[in-house]
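One file, data12.cif, is given below (mmCIF, C-alpha atoms).
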```cif
data_structure
loop_
_atom_site.label_atom_id
_atom_site.label_comp_id
_atom_site.auth_asym_id
_atom_site.auth_seq_id
_atom_site.Cartn_x
_atom_site.Cartn_y
_atom_site.Cartn_z
CA MET I 91 24.82 5.76 -1.85
CA ALA I 92 24.56 4.71 1.79
CA PHE I 93 20.77 5.29 1.89
CA THR I 94 21.00 6.37 5.52
CA LYS I 95 20.14 9.57 7.37
CA PRO I 96 22.65 12.35 6.62
CA ILE I 97 24.75 13.22 9.66
CA PHE I 98 25.54 16.86 9.02
CA PRO I 99 23.21 19.78 8.28
CA PHE I 100 23.22 21.20 4.77
CA LEU I 101 24.32 24.76 4.10
CA ARG I 102 21.93 25.86 1.38
CA TYR I 103 22.85 28.78 -0.86
CA ALA I 104 20.63 31.86 -0.98
CA ARG I 105 18.49 31.99 -4.08
CA PRO I 106 19.64 34.65 -6.60
CA ALA I 107 17.24 37.56 -6.17
CA HIS I 108 17.34 38.53 -9.85
CA PHE I 109 16.66 35.10 -11.35
CA THR I 110 13.35 33.36 -12.00
CA ILE I 111 12.90 29.98 -13.65
CA ALA I 112 9.88 28.78 -15.59
CA PRO I 113 9.22 25.80 -17.86
CA HIS I 114 10.22 26.48 -21.45
CA ASN I 115 7.60 24.25 -23.08
CA GLU I 116 4.07 22.97 -22.44
CA ASP I 117 5.20 19.49 -21.41
CA LEU I 118 7.48 20.81 -18.67
CA ALA I 119 4.72 23.14 -17.47
CA LYS I 120 2.85 20.01 -16.34
CA THR I 121 5.77 18.76 -14.22
CA ALA I 122 4.55 17.48 -10.82
CA SER I 123 1.09 19.04 -11.31
CA ALA I 124 -0.57 15.85 -10.08
CA LEU I 125 1.70 15.73 -7.03
CA ASN I 126 1.02 19.39 -6.28
CA SER I 127 -2.70 18.53 -6.22
CA LEU I 128 -2.00 15.91 -3.55
CA ILE I 129 -0.43 18.56 -1.34
CA GLU I 130 -3.93 19.94 -0.79
CA ILE I 131 -5.13 16.61 0.62
CA PRO I 132 -4.54 16.33 4.39
CA SER I 133 -2.32 13.49 5.63
CA ILE I 134 -0.76 12.59 2.25
CA PHE I 135 2.41 14.66 2.56
CA GLY I 136 4.28 16.23 5.41
CA GLY I 137 5.65 19.73 5.05
CA GLY I 138 9.08 18.50 4.10
CA MET I 139 7.88 16.46 1.14
CA SER I 140 5.71 19.32 -0.14
CA LYS I 141 8.77 21.57 -0.29
CA ILE I 142 10.85 18.88 -1.96
CA ILE I 143 8.31 18.51 -4.77
CA TYR I 144 8.47 22.26 -5.42
CA ASP I 145 12.28 22.34 -5.31
CA LEU I 146 12.63 19.29 -7.55
CA SER I 147 10.21 20.82 -10.06
CA GLU I 148 12.33 23.96 -10.33
CA LEU I 149 15.48 21.87 -10.62
CA VAL I 150 13.95 19.92 -13.51
CA TRP I 151 12.95 23.14 -15.28
CA TYR I 152 16.46 24.51 -14.89
CA ALA I 153 18.20 21.29 -15.95
CA GLU I 154 16.05 20.85 -19.04
CA TRP I 155 16.48 24.50 -19.96
CA VAL I 156 20.26 24.20 -19.75
CA LYS I 157 20.32 20.93 -21.69
CA SER I 158 18.09 22.43 -24.38
CA GLY I 159 20.73 25.06 -25.14
CA LEU I 160 18.15 27.87 -25.05
CA ASN I 161 19.49 31.22 -23.81
CA CYS I 162 22.21 29.59 -21.71
CA GLN I 163 24.34 32.69 -22.14
CA GLU I 164 21.98 34.37 -19.66
CA ILE I 165 23.13 32.16 -16.79
CA ASP I 166 25.62 33.95 -14.56
CA ASP I 167 28.02 32.33 -12.10
CA GLU I 168 25.78 33.01 -9.09
CA THR I 169 22.78 31.32 -10.67
CA GLU I 170 24.79 28.37 -11.91
CA GLY I 171 26.36 27.92 -8.48
CA TYR I 172 22.96 28.07 -6.80
CA PHE I 173 21.41 25.35 -8.95
CA ASN I 174 24.51 23.17 -8.86
CA THR I 175 24.15 23.21 -5.08
CA GLU I 176 20.39 22.62 -5.33
CA VAL I 177 21.09 19.32 -7.08
CA ILE I 178 22.86 18.13 -3.94
CA TYR I 179 20.37 19.77 -1.58
CA VAL I 180 17.31 18.07 -3.10
CA GLU I 181 18.93 14.66 -2.78
CA TYR I 182 19.92 15.51 0.81
CA ALA I 183 16.34 16.57 1.58
CA LEU I 184 14.92 13.36 0.13
CA HIS I 185 17.18 11.29 2.38
CA MET I 186 16.46 13.44 5.44
CA ASP I 187 12.71 13.26 4.92
CA ARG I 188 12.75 9.49 5.44
CA TYR I 189 13.39 10.13 9.15
CA LEU I 190 11.58 11.77 12.03
CA GLU I 191 13.29 14.49 14.04
CA THR I 192 14.05 11.86 16.67
CA GLY I 193 16.06 9.93 14.10
CA GLU I 194 13.57 7.09 13.79
CA PRO I 195 12.69 6.06 10.22
CA LYS I 196 9.20 7.04 9.06
CA GLY I 197 8.84 3.87 7.01
CA ASP I 198 8.39 3.68 3.26
CA ALA I 199 5.23 1.54 3.09
CA ASN I 200 2.79 4.41 2.61
CA ILE I 201 1.87 6.79 -0.20
CA GLU I 202 4.34 9.48 0.82
CA GLY I 203 7.11 6.94 1.27
CA CYS I 204 6.62 5.42 -2.18
CA ILE I 205 6.49 8.85 -3.81
CA ARG I 206 9.61 9.93 -1.92
CA LEU I 207 11.55 6.91 -3.18
CA ALA I 208 10.30 7.46 -6.74
CA CYS I 209 11.41 11.10 -6.54
CA LEU I 210 14.85 10.00 -5.34
CA LEU I 211 15.20 7.54 -8.22
CA PHE I 212 13.98 10.16 -10.69
CA HIS I 213 16.42 12.74 -9.34
CA ASN I 214 19.38 10.37 -9.35
CA GLY I 215 18.53 9.02 -12.78
CA THR I 216 17.57 12.27 -14.50
CA ILE I 217 19.81 14.87 -12.86
CA TRP I 218 22.75 12.69 -11.78
CA GLU I 219 22.17 10.07 -14.52
CA PHE I 220 22.98 7.20 -12.14
CA TYR I 221 19.96 5.10 -13.11
CA PRO I 222 19.39 2.74 -14.76
CA GLN I 223 23.06 2.20 -15.66
CA PHE I 224 24.35 2.13 -12.09
CA GLY I 225 21.35 0.40 -10.55
CA PRO I 226 23.41 -2.70 -9.69
CA VAL I 227 25.87 -0.45 -7.82
CA PHE I 228 23.18 1.58 -5.98
CA PRO I 229 20.27 -0.89 -5.63
CA LYS I 230 18.97 0.05 -2.18
CA PRO I 231 16.37 2.69 -3.20
CA ILE I 232 15.03 0.33 -5.88
CA SER I 233 14.77 -2.58 -3.45
CA ALA I 234 13.12 -0.32 -0.87
CA LEU I 235 10.53 0.83 -3.40
CA ARG I 236 9.70 -2.73 -4.41
CA LEU I 237 9.27 -3.75 -0.77
CA ALA I 238 7.10 -0.71 -0.04
CA LEU I 239 4.85 -1.36 -3.05
CA ALA I 240 4.60 -5.06 -2.22
CA THR I 241 2.90 -3.94 1.01
CA THR I 242 0.93 -0.88 -0.12
CA ILE I 243 -0.58 -2.23 -3.37
CA PRO I 244 -2.39 -5.26 -1.85
CA ALA I 245 -3.38 -3.13 1.16
CA GLY I 246 -5.26 -0.76 -1.18
CA PHE I 247 -3.24 2.38 -0.47
CA PHE I 248 -3.41 3.44 -4.12
CA GLN I 249 -7.01 2.44 -4.77
CA MET I 250 -8.06 6.09 -5.01
CA LEU I 251 -4.79 7.21 -6.60
CA PRO I 252 -4.27 4.86 -9.58
CA GLU I 253 -2.33 7.41 -11.65
CA VAL I 254 0.14 7.95 -8.82
CA LEU I 255 0.70 4.21 -8.68
CA ILE I 256 1.31 4.04 -12.44
CA TRP I 257 3.96 6.77 -12.25
CA VAL I 258 5.70 5.17 -9.24
CA LEU I 259 5.74 1.79 -11.01
CA PHE I 260 7.08 3.37 -14.20
CA ILE I 261 9.95 4.99 -12.30
CA GLY I 262 10.66 1.65 -10.64
CA ALA I 263 10.63 -0.24 -13.94
CA TRP I 264 12.80 2.35 -15.69
CA SER I 265 15.42 2.60 -12.92
CA SER I 266 15.66 -1.18 -12.35
CA ARG I 267 16.49 -2.10 -15.94
CA PHE I 268 19.50 -4.20 -14.89
CA LEU I 269 18.06 -5.61 -11.67
CA PRO I 270 15.77 -8.56 -10.87
CA GLU I 271 13.27 -6.18 -9.20
CA ARG I 272 12.26 -5.03 -12.67
CA THR I 273 10.00 -8.06 -13.15
CA PHE I 274 7.86 -6.93 -10.21
CA PHE I 275 7.56 -3.34 -11.46
CA VAL I 276 6.72 -4.29 -15.04
CA THR I 277 4.14 -6.89 -14.01
CA GLU I 278 2.42 -4.50 -11.61
CA LEU I 279 2.61 -1.68 -14.17
CA ALA I 280 0.90 -3.86 -16.77
CA ALA I 281 -1.90 -4.60 -14.28
CA ALA I 282 -2.30 -0.94 -13.30
CA VAL I 283 -2.35 0.25 -16.92
CA GLY I 284 -4.94 -2.41 -17.74
CA ARG I 285 -7.20 -1.33 -14.88
CA GLN I 286 -7.08 2.27 -16.16
CA ARG I 287 -7.74 1.11 -19.75
CA ILE I 288 -4.77 3.02 -21.15
CA LEU I 289 -4.61 2.08 -24.82
CA SER I 290 -1.37 3.58 -26.14
CA TRP I 291 2.08 4.65 -25.05
CA GLN I 292 1.12 8.21 -25.99
CA GLU I 293 -1.76 8.08 -23.51
CA LEU I 294 0.56 6.72 -20.84
CA ARG I 295 3.06 9.49 -21.61
CA SER I 296 0.34 12.11 -21.13
CA LEU I 297 -0.33 10.69 -17.66
CA LEU I 298 3.36 10.60 -16.71
CA LEU I 299 3.94 14.22 -17.75
CA ASN I 300 1.84 15.28 -14.75
CA PHE I 301 4.43 13.78 -12.41
CA PHE I 302 8.23 13.75 -12.79
CA TYR I 303 8.99 12.63 -16.34
CA VAL I 304 11.00 14.09 -19.23
CA ASP I 305 11.10 12.76 -22.79
CA ARG I 306 14.84 13.33 -23.06
CA VAL I 307 15.50 10.64 -20.46
CA HIS I 308 12.40 8.49 -20.35
CA GLN I 309 10.65 8.28 -23.73
CA THR I 310 12.77 5.47 -25.19
CA ALA I 311 12.27 3.41 -22.03
CA LEU I 312 8.55 4.22 -22.05
CA ARG I 313 8.08 2.88 -25.58
CA GLY I 314 10.02 -0.26 -24.74
CA LEU I 315 8.00 -0.80 -21.59
CA TRP I 316 4.78 -0.34 -23.52
CA ASP I 317 5.76 -3.18 -25.86
CA GLU I 318 6.50 -5.40 -22.85
CA ILE I 319 3.19 -4.50 -21.26
CA GLN I 320 1.30 -5.57 -24.38
CA LEU I 321 2.91 -9.00 -24.23
CA ILE I 322 2.01 -9.40 -20.57
CA ARG I 323 -1.59 -8.37 -21.21
CA ILE I 324 -2.09 -10.95 -23.96
CA PRO I 325 -4.45 -13.63 -22.54
#
```

Transcribe the structure of this file into structure tokens.
Amino acid sequence: MAFTKPIFPFLRYARPAHFTIAPHNEDLAKTASALNSLIEIPSIFGGGMSKIIYDLSELVWYAEWVKSGLNCQEIDDETEGYFNTEVIYVEYALHMDRYLETGEPKGDANIEGCIRLACLLFHNGTIWEFYPQFGPVFPKPISALRLALATTIPAGFFQMLPEVLIWVLFIGAWSSRFLPERTFFVTELAAAVGRQRILSWQELRSLLLNFFYVDRVHQTALRGLWDEIQLIRIP
């Protein structure tokens, strides 16, 4: 993962006209609902990031539907080909959105930048299944997120968006399991959870479901992180 601006344009497949995708359970129906609410707030997201959130949500619904084994016989070759290409397109879009049309980097040390990096790590860890196992091989997005948060947290960027911060920190802590950056994410997550007076891992899970989170991939890590957080919060 070069973590640089893609050179070539992406040829995106046309969406199958006959196919619609919807979440197959109540938990998935909440996917990215909190991020979709931010789209309505001026200056948080650019147009590119708003579209990425929608596309990634649909990709998650499709991926979890396929992995659940429910009605997979209904998927035809056109639909499967479309979503297989969407996996690559969403990652491409996340990399492209880090840059202005002039080619200059937007910078990650802002709310949109931190969310973009968290979405990239979620995508590459949940759809591609790169993280956390291959974090030491592809560490750049994790390092970039830590650096961005090290600037934005003390500057108060997330003061009015504490739940967003908790989700971003969770994604950072989960994806950096085998990297030294994990200490930063876990420590900051413990502080953020304490400020919000979250009292159980189930309560934290309910918060995360409103962002990009799926039990299949994240619940074991969540419960382990919760135990770590309790140790950190002991006076």

Contact check, stretch 168-261 of chain I to stretch 137-161 of chain I, at most 8 Å, counting all atoms listed in the file, closest pairs as JSON lines:
```
{"residue": "I:Phe173", "atom": "CA", "partner": "I:Leu149", "partner_atom": "CA", "distance": 7.1}
{"residue": "I:Glu176", "atom": "CA", "partner": "I:Leu149", "partner_atom": "CA", "distance": 7.3}
{"residue": "I:Val177", "atom": "CA", "partner": "I:Leu149", "partner_atom": "CA", "distance": 7.1}
{"residue": "I:Val180", "atom": "CA", "partner": "I:Leu146", "partner_atom": "CA", "distance": 6.6}
{"residue": "I:Ala183", "atom": "CA", "partner": "I:Ile142", "partner_atom": "CA", "distance": 6.9}
{"residue": "I:Leu184", "atom": "CA", "partner": "I:Ile142", "partner_atom": "CA", "distance": 7.2}
{"residue": "I:Asp187", "atom": "CA", "partner": "I:Gly138", "partner_atom": "CA", "distance": 6.4}
{"residue": "I:Glu202", "atom": "CA", "partner": "I:Met139", "partner_atom": "CA", "distance": 7.8}
{"residue": "I:Arg206", "atom": "CA", "partner": "I:Met139", "partner_atom": "CA", "distance": 7.4}
{"residue": "I:His213", "atom": "CA", "partner": "I:Leu146", "partner_atom": "CA", "distance": 7.8}
{"residue": "I:Ile217", "atom": "CA", "partner": "I:Ala153", "partner_atom": "CA", "distance": 7.3}
```

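Reported to one decimal place, the separation of atom CA of I:Gln320 from atom CA of I:Tyr221 is 24.3 Å.
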
* Check which residues satisfy the PyMOL selection byres ((chain I and resi 211) around 10) in the file shown, then give them as a PyMOL selection string. => chain I and resi 181+205-210+212-222+225+231-232+235+258+261-262+264-266

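Here the question is which of I:Gln286, I:Thr242, I:Thr192, I:Thr277 gets nearest to I:Leu321 using only C-alpha atoms, and that residue is I:Thr277.
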
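With distances restricted to only C-alpha atoms, I:Leu312 is the closest residue to I:Ser296 from I:Ile111, I:Ala238, I:Leu251, I:Leu312.
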
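In this model, the gap between atom CA of I:Thr241 and atom CA of I:Ile256 comes to 15.7 Å.
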
* At what distance in Å, to one decimal, does atom CA of I:Asp317 lie from atom CA of I:Leu269? -> 18.9 Å

Exercise on stretch 288-302 of chain I, axis-aligned box with 3 Å per side, report centre and edge lengths in Å to one decimal, as AutoDock Vina command-line options:
```
--center_x 1.7 --center_y 8.7 --center_z -19.3 --size_x 19.0 --size_y 19.2 --size_z 19.7
```

Since I can't run it myself right now, could you work out what the PyMOL selection byres ((chain I and resi 234) around 10) selects here and report it as a tab-separated table (two decimals) with C-alpha atoms, in the frame of the given file?
```
chain	number	residue	atom	x	y	z
I	93	PHE	CA	20.77	5.29	1.89
I	197	GLY	CA	8.84	3.87	7.01
I	198	ASP	CA	8.39	3.68	3.26
I	199	ALA	CA	5.23	1.54	3.09
I	203	GLY	CA	7.11	6.94	1.27
I	204	CYS	CA	6.62	5.42	-2.18
I	207	LEU	CA	11.55	6.91	-3.18
I	229	PRO	CA	20.27	-0.89	-5.63
I	230	LYS	CA	18.97	0.05	-2.18
I	231	PRO	CA	16.37	2.69	-3.20
I	232	ILE	CA	15.03	0.33	-5.88
I	233	SER	CA	14.77	-2.58	-3.45
I	235	LEU	CA	10.53	0.83	-3.40
I	236	ARG	CA	9.70	-2.73	-4.41
I	237	LEU	CA	9.27	-3.75	-0.77
I	238	ALA	CA	7.10	-0.71	-0.04
I	239	LEU	CA	4.85	-1.36	-3.05
I	240	ALA	CA	4.60	-5.06	-2.22
```

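You can rank I:Ala112, I:Ile322, I:Leu255, I:Met186 by their closest distance to I:Leu125 using only C-alpha atoms, and at the top of that list sits I:Leu255.
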
* Using the chain letters and numbers from the file, which residues does the PyMOL selection byres ((chain I and resi 299) around 10) grab, as a VMD selection string? -> chain I and resid 116 to 124 257 294 to 298 300 to 305

Dump as a compact mmCIF listing (two decimals), in the frame of the given file, selection limited to C-alpha atoms:
```txt
# COMPACT_ATOMS: atom_id res chain seq x y z
CA GLU I 116 4.07 22.97 -22.44
CA ASP I 117 5.20 19.49 -21.41
CA LEU I 118 7.48 20.81 -18.67
CA ALA I 119 4.72 23.14 -17.47
CA LYS I 120 2.85 20.01 -16.34
CA THR I 121 5.77 18.76 -14.22
CA ALA I 122 4.55 17.48 -10.82
CA SER I 123 1.09 19.04 -11.31
CA ALA I 124 -0.57 15.85 -10.08
CA TRP I 257 3.96 6.77 -12.25
CA LEU I 294 0.56 6.72 -20.84
CA ARG I 295 3.06 9.49 -21.61
CA SER I 296 0.34 12.11 -21.13
CA LEU I 297 -0.33 10.69 -17.66
CA LEU I 298 3.36 10.60 -16.71
CA ASN I 300 1.84 15.28 -14.75
CA PHE I 301 4.43 13.78 -12.41
CA PHE I 302 8.23 13.75 -12.79
CA TYR I 303 8.99 12.63 -16.34
CA VAL I 304 11.00 14.09 -19.23
CA ASP I 305 11.10 12.76 -22.79
```

* Structure fact -> If you count only C-alpha atoms, the residue of I:Arg102, I:Arg188, I:Arg313, I:Arg267 closest to I:Asn200 turns out to be I:Arg188

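Candidate residues I:Val254, I:Trp291, I:Leu259, I:Glu318 were compared for distance to I:Asn126, and the nearest is I:Val254, using only C-alpha atoms.
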